[in-house]
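A.B. asks: Shown below is the structure under consideration.
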Amino acid sequence: LDDDPLLSRWKKEEAAGETQPIAMANAVAQKQDTKTSSETKAGLEQSLAGQQTDEVETNHEVQKSQQKSVKSKKKSSLSSQERFALADVIQQLLGFFKPLGEFVAGAVYQWLYHNGEPARWLLQTLIPGWNGLERDVEQGLPKSWTFEAGRSLGDGLALVTGILEIVGGGGAASGGGTLCVTGVGCIVGAPAVAGGVALGLHGSATSSSALTSIAARLGVVFHSSSENSGNNEQQPPRQQREVYDEQGKRWTEADVSGQTGTWNKGTYENPEASLLEHFKKHGREVDAKDPLHYLRKAEGFKGNARKRSRKTAVEGGTPGVMRYSKNGLYIDMTPNNQIISFGATNN
């Protein structure tokens, strides 16, 4: 107040006896009240403006968050009926022959993954009762080679579209077909054609050596209805060989497929069949626990079989086979060092 002009004037007049103290005091007080009111009003307006700015910025952030949330929740291009149809086909294939069902499921999953589609329903098809979150799907996927082979299938879109056409009765594949697995049996209808398309055996799919190899490893034979229109007789699939190890586990050709090393098929249909049959005959005599253990023992003996061993020719369906015997064991090998048989010499 010392710097206020009105107050200074009042003090001078008071000193000279020319003022009315009470009136002058009221005037000074009224002026200060006016100044304070103006400052308070300005501060309030500035505060309200700041609040409005904060509210606008907050609203913008909320809108961005909502837009981001909507963007992240991409709507599936598959309807619930289509997901159900895919799940039903996969379930039937899993029930018929699990490796084939996992192969088809792997191809479908990879398509879902690449297109940002929800895949929780697929894992629930593979593992009934699974109730995890979408983010946990990848960790729960099967680790089998057939599922991984399905994921590597190039044209997953053609498979998914093909299955939906088959189920819906449209497309060239809707005519039906029969798919047989050696040692397992046959399945017909949509699952059969879906499996055929996935394996590249159906005419509408692109055939490749890799897919053909997978089909051979699974022992799959596919017949489309159009391929047999002039002849209803189909050659029955060859019975797939099976053996049991010392723990009672069942082994089939599919279980050792692609793992036969240098084992030769000899007079059998393939190396897998030959390996299983020779394990059945000679596994116990060489203390082999299972077919693959039997193979490892044979490979190990083969490494130095020619050193200090007795060599004799073996007459049979495979020409040029020689037997190398020592330390109570023998191994029969072809001229290119592939194994025909392995066992104990006293047998």
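Residues in the structure tokens are numbered from 1 in each chain, the chains being A, B, ... in the order shown, and ligands are numbered from 1 in the order shown.
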List as a list of chain:residue names the protein and nucleic acid residues near A:Asn327, meaning an atom at most 10 Å away when only C-alpha atoms are counted, but skip any in the same chain fewer than 3 places from it.
C.D. replies: A:Arg308, A:Ser309, A:Tyr330, A:Ala344, A:Thr345
A.B. asks: Would you pick out the contacts of stretch 121-127 of chain A at 8 Å or less, using only C-alpha atoms, so that residues sharing its chain but fewer than 6 positions from it are not included, and give the list as a list in words?
C.D. replies: Arg83, Ala87, Ile90, Gln91, Glu102, Ala105, Tyr109, Val137, Gly140 and Leu141 of chain A
A.B. asks: Grab the residues selected above and save them as a PDB file, in the first residue's frame with N, CA, C and O atoms.
C.D. replies:
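As written to disk, out-v7.pdb reads:
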ATOM      1  N   ARG A  83     -15.595 -71.616 -39.118  1.00  0.00           N
ATOM      2  CA  ARG A  83     -14.666 -72.154 -38.118  1.00  0.00           C
ATOM      3  C   ARG A  83     -15.124 -73.518 -37.628  1.00  0.00           C
ATOM      4  O   ARG A  83     -14.315 -74.431 -37.441  1.00  0.00           O
ATOM      5  N   ALA A  87     -13.068 -76.993 -37.998  1.00  0.00           N
ATOM      6  CA  ALA A  87     -12.797 -77.775 -36.786  1.00  0.00           C
ATOM      7  C   ALA A  87     -13.347 -79.192 -36.919  1.00  0.00           C
ATOM      8  O   ALA A  87     -12.713 -80.168 -36.485  1.00  0.00           O
ATOM      9  N   ILE A  90     -11.044 -81.293 -39.179  1.00  0.00           N
ATOM     10  CA  ILE A  90      -9.796 -81.611 -38.479  1.00  0.00           C
ATOM     11  C   ILE A  90     -10.032 -82.657 -37.396  1.00  0.00           C
ATOM     12  O   ILE A  90      -9.227 -83.588 -37.218  1.00  0.00           O
ATOM     13  N   GLN A  91     -11.137 -82.546 -36.679  1.00  0.00           N
ATOM     14  CA  GLN A  91     -11.458 -83.524 -35.638  1.00  0.00           C
ATOM     15  C   GLN A  91     -11.626 -84.919 -36.219  1.00  0.00           C
ATOM     16  O   GLN A  91     -11.151 -85.910 -35.645  1.00  0.00           O
ATOM     17  N   GLU A 102      -2.983 -83.651 -37.684  1.00  0.00           N
ATOM     18  CA  GLU A 102      -2.070 -82.596 -37.255  1.00  0.00           C
ATOM     19  C   GLU A 102      -1.444 -81.884 -38.450  1.00  0.00           C
ATOM     20  O   GLU A 102      -1.178 -80.686 -38.394  1.00  0.00           O
ATOM     21  N   ALA A 105      -4.082 -79.528 -39.658  1.00  0.00           N
ATOM     22  CA  ALA A 105      -4.230 -78.469 -38.661  1.00  0.00           C
ATOM     23  C   ALA A 105      -3.066 -77.490 -38.719  1.00  0.00           C
ATOM     24  O   ALA A 105      -3.246 -76.277 -38.563  1.00  0.00           O
ATOM     25  N   TYR A 109      -3.486 -73.564 -39.303  1.00  0.00           N
ATOM     26  CA  TYR A 109      -2.983 -72.612 -38.298  1.00  0.00           C
ATOM     27  C   TYR A 109      -2.085 -71.561 -38.931  1.00  0.00           C
ATOM     28  O   TYR A 109      -2.182 -70.373 -38.610  1.00  0.00           O
ATOM     29  N   VAL A 137      -1.656 -69.298 -27.345  1.00  0.00           N
ATOM     30  CA  VAL A 137      -1.881 -70.342 -28.347  1.00  0.00           C
ATOM     31  C   VAL A 137      -0.562 -70.898 -28.875  1.00  0.00           C
ATOM     32  O   VAL A 137      -0.364 -72.113 -28.954  1.00  0.00           O
ATOM     33  N   GLY A 140       1.117 -73.527 -26.863  1.00  0.00           N
ATOM     34  CA  GLY A 140       0.413 -74.793 -26.686  1.00  0.00           C
ATOM     35  C   GLY A 140       0.325 -75.651 -27.928  1.00  0.00           C
ATOM     36  O   GLY A 140      -0.254 -76.741 -27.892  1.00  0.00           O
ATOM     37  N   LEU A 141       0.891 -75.192 -29.050  1.00  0.00           N
ATOM     38  CA  LEU A 141       0.784 -75.934 -30.300  1.00  0.00           C
ATOM     39  C   LEU A 141       1.545 -77.253 -30.235  1.00  0.00           C
ATOM     40  O   LEU A 141       2.546 -77.372 -29.527  1.00  0.00           O
TER      41      LEU A 141
END
A.B. asks: Could you pull the residues within 9 Å of A:Pro271, counting only C-alpha atoms, minus those fewer than 2 positions along the same chain, as a VMD selection string?
C.D. replies: chain A and resid 253 257 260 to 266 268 to 269 273 to 276
A.B. asks: Export C-alpha atoms of the chosen residues as a PDB file, in the first residue's frame?
C.D. replies:
ATOM      1  CA  GLU A 253       6.539 -97.678 -40.458  1.00  0.00           C
ATOM      2  CA  SER A 257       9.909 -92.896 -41.399  1.00  0.00           C
ATOM      3  CA  THR A 260      16.329 -95.282 -41.344  1.00  0.00           C
ATOM      4  CA  GLY A 261      19.810 -93.946 -42.092  1.00  0.00           C
ATOM      5  CA  THR A 262      21.725 -96.307 -44.392  1.00  0.00           C
ATOM      6  CA  TRP A 263      19.314 -99.191 -43.959  1.00  0.00           C
ATOM      7  CA  ASN A 264      18.440-100.719 -47.334  1.00  0.00           C
ATOM      8  CA  LYS A 265      14.918-101.849 -48.200  1.00  0.00           C
ATOM      9  CA  GLY A 266      16.230-105.144 -49.605  1.00  0.00           C
ATOM     10  CA  TYR A 268      10.760-105.185 -48.724  1.00  0.00           C
ATOM     11  CA  GLU A 269       8.573-102.301 -49.872  1.00  0.00           C
ATOM     12  CA  ALA A 273       9.392-102.119 -43.399  1.00  0.00           C
ATOM     13  CA  SER A 274      12.747-103.885 -43.642  1.00  0.00           C
ATOM     14  CA  LEU A 275      14.044-102.298 -40.445  1.00  0.00           C
ATOM     15  CA  LEU A 276      10.943-103.267 -38.455  1.00  0.00           C
TER      16      LEU A 276
END
A.B. asks: Please indicate the distance in Å from atom CA of A:Pro291 to atom CA of A:Trp251, rounded to one decimal place.
C.D. replies: 7.9 Å
A.B. asks: Name the residues in contact with A:Ala313 at a cut-off of 8 Å, using only C-alpha atoms, excluding same-chain residues fewer than 3 positions from it; report them as JSON, numbers by chain.
C.D. replies: {"A": [320, 321, 322, 323]}
A.B. asks: If DSSP is run on the backbone, what residues of stretch 276-314 of chain A are alpha helix (DSSP H)? A reply as a PyMOL selection string would be ideal.
C.D. replies: chain A and resi 276-282+291-302
A.B. asks: Residues of the last selection are to be written out with N, CA, C and O atoms, as an mmCIF file, in the first residue's frame.
C.D. replies:
data_model
loop_
_atom_site.group_PDB
_atom_site.id
_atom_site.type_symbol
_atom_site.label_atom_id
_atom_site.label_comp_id
_atom_site.auth_asym_id
_atom_site.auth_seq_id
_atom_site.Cartn_x
_atom_site.Cartn_y
_atom_site.Cartn_z
ATOM 1 N N LEU A 276 11.854 -102.710 -39.460
ATOM 2 C CA LEU A 276 10.943 -103.267 -38.455
ATOM 3 C C LEU A 276 10.984 -104.787 -38.439
ATOM 4 O O LEU A 276 11.006 -105.414 -37.365
ATOM 5 N N GLU A 277 11.004 -105.400 -39.621
ATOM 6 C CA GLU A 277 11.014 -106.860 -39.694
ATOM 7 C C GLU A 277 12.314 -107.443 -39.133
ATOM 8 O O GLU A 277 12.301 -108.453 -38.437
ATOM 9 N N HIS A 278 13.423 -106.799 -39.421
ATOM 10 C CA HIS A 278 14.696 -107.309 -38.909
ATOM 11 C C HIS A 278 14.824 -107.063 -37.408
ATOM 12 O O HIS A 278 15.434 -107.865 -36.688
ATOM 13 N N PHE A 279 14.243 -105.966 -36.918
ATOM 14 C CA PHE A 279 14.223 -105.763 -35.470
ATOM 15 C C PHE A 279 13.396 -106.859 -34.795
ATOM 16 O O PHE A 279 13.781 -107.373 -33.734
ATOM 17 N N LYS A 280 12.280 -107.209 -35.415
ATOM 18 C CA LYS A 280 11.430 -108.254 -34.857
ATOM 19 C C LYS A 280 12.193 -109.580 -34.760
ATOM 20 O O LYS A 280 12.073 -110.326 -33.781
ATOM 21 N N LYS A 281 13.016 -109.868 -35.759
ATOM 22 C CA LYS A 281 13.751 -111.143 -35.795
ATOM 23 C C LYS A 281 15.007 -111.131 -34.922
ATOM 24 O O LYS A 281 15.325 -112.127 -34.264
ATOM 25 N N HIS A 282 15.720 -110.011 -34.941
ATOM 26 C CA HIS A 282 17.053 -110.005 -34.335
ATOM 27 C C HIS A 282 17.240 -108.992 -33.206
ATOM 28 O O HIS A 282 18.336 -108.910 -32.643
ATOM 29 N N PRO A 291 13.258 -100.358 -32.375
ATOM 30 C CA PRO A 291 13.799 -100.347 -33.747
ATOM 31 C C PRO A 291 14.914 -99.334 -33.974
ATOM 32 O O PRO A 291 15.891 -99.638 -34.661
ATOM 33 N N LEU A 292 14.786 -98.140 -33.412
ATOM 34 C CA LEU A 292 15.813 -97.133 -33.631
ATOM 35 C C LEU A 292 17.096 -97.464 -32.869
ATOM 36 O O LEU A 292 18.204 -97.171 -33.334
ATOM 37 N N HIS A 293 16.952 -98.076 -31.699
ATOM 38 C CA HIS A 293 18.128 -98.543 -30.956
ATOM 39 C C HIS A 293 18.828 -99.660 -31.730
ATOM 40 O O HIS A 293 20.069 -99.704 -31.790
ATOM 41 N N TYR A 294 18.032 -100.525 -32.326
ATOM 42 C CA TYR A 294 18.575 -101.599 -33.175
ATOM 43 C C TYR A 294 19.357 -101.007 -34.351
ATOM 44 O O TYR A 294 20.455 -101.467 -34.679
ATOM 45 N N LEU A 295 18.810 -99.952 -34.962
ATOM 46 C CA LEU A 295 19.485 -99.297 -36.078
ATOM 47 C C LEU A 295 20.810 -98.676 -35.637
ATOM 48 O O LEU A 295 21.834 -98.798 -36.330
ATOM 49 N N ARG A 296 20.810 -98.021 -34.474
ATOM 50 C CA ARG A 296 22.048 -97.400 -33.991
ATOM 51 C C ARG A 296 23.132 -98.444 -33.714
ATOM 52 O O ARG A 296 24.312 -98.216 -33.993
ATOM 53 N N LYS A 297 22.736 -99.571 -33.187
ATOM 54 C CA LYS A 297 23.697 -100.650 -32.947
ATOM 55 C C LYS A 297 24.279 -101.160 -34.264
ATOM 56 O O LYS A 297 25.491 -101.417 -34.383
ATOM 57 N N ALA A 298 23.411 -101.301 -35.266
ATOM 58 C CA ALA A 298 23.873 -101.774 -36.574
ATOM 59 C C ALA A 298 24.830 -100.763 -37.204
ATOM 60 O O ALA A 298 25.874 -101.149 -37.755
ATOM 61 N N GLU A 299 24.497 -99.486 -37.121
ATOM 62 C CA GLU A 299 25.360 -98.446 -37.671
ATOM 63 C C GLU A 299 26.715 -98.429 -36.963
ATOM 64 O O GLU A 299 27.767 -98.235 -37.583
ATOM 65 N N GLY A 300 26.688 -98.646 -35.642
ATOM 66 C CA GLY A 300 27.935 -98.668 -34.896
ATOM 67 C C GLY A 300 28.819 -99.857 -35.262
ATOM 68 O O GLY A 300 30.043 -99.711 -35.407
ATOM 69 N N PHE A 301 28.187 -101.015 -35.432
ATOM 70 C CA PHE A 301 28.952 -102.211 -35.820
ATOM 71 C C PHE A 301 29.488 -102.074 -37.239
ATOM 72 O O PHE A 301 30.582 -102.560 -37.551
ATOM 73 N N LYS A 302 28.752 -101.399 -38.074
ATOM 74 C CA LYS A 302 29.136 -101.232 -39.474
ATOM 75 C C LYS A 302 30.441 -100.438 -39.604
ATOM 76 O O LYS A 302 31.236 -100.666 -40.522
#
A.B. asks: Select, from A:Trp145, A:Gly132, A:Ser77, A:Glu117, the residue with the minimum atom-to-atom distance to A:Phe103, counting only C-alpha atoms.
C.D. replies: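 Using only C-alpha atoms, A:Phe103 sits closest to A:Trp145.
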A.B. asks: Pick from A:Gly95, A:Val108, A:Leu86, A:Asn115: nearest to A:Gly185, with only C-alpha atoms counted?
C.D. replies: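 Distance minimum relative to A:Gly185 lands on A:Gly95.
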A.B. asks: From the set A:Gly316, A:Gly195, A:Gly129, A:Pro118, which residue has the shortest atom-to-atom contact distance to A:Phe96, counting only C-alpha atoms?
C.D. replies: A:Gly195
A.B. asks: Rounded to one decimal, what separation in Å do you get between atom CA of A:Gly248 and atom CA of A:Lys98?
C.D. replies: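 Atom CA of A:Lys98 lies at a distance of 20.2 Å from atom CA of A:Gly248.
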A.B. asks: Pick out the residues sitting within 8 Å of A:Ala107, and hand them over as JSON, numbers by chain; count only C-alpha atoms, and ignore anything fewer than 4 positions along from it in its own chain.
C.D. replies: {"A": [103, 111, 147, 149, 150, 151, 152, 153, 156, 159, 198]}
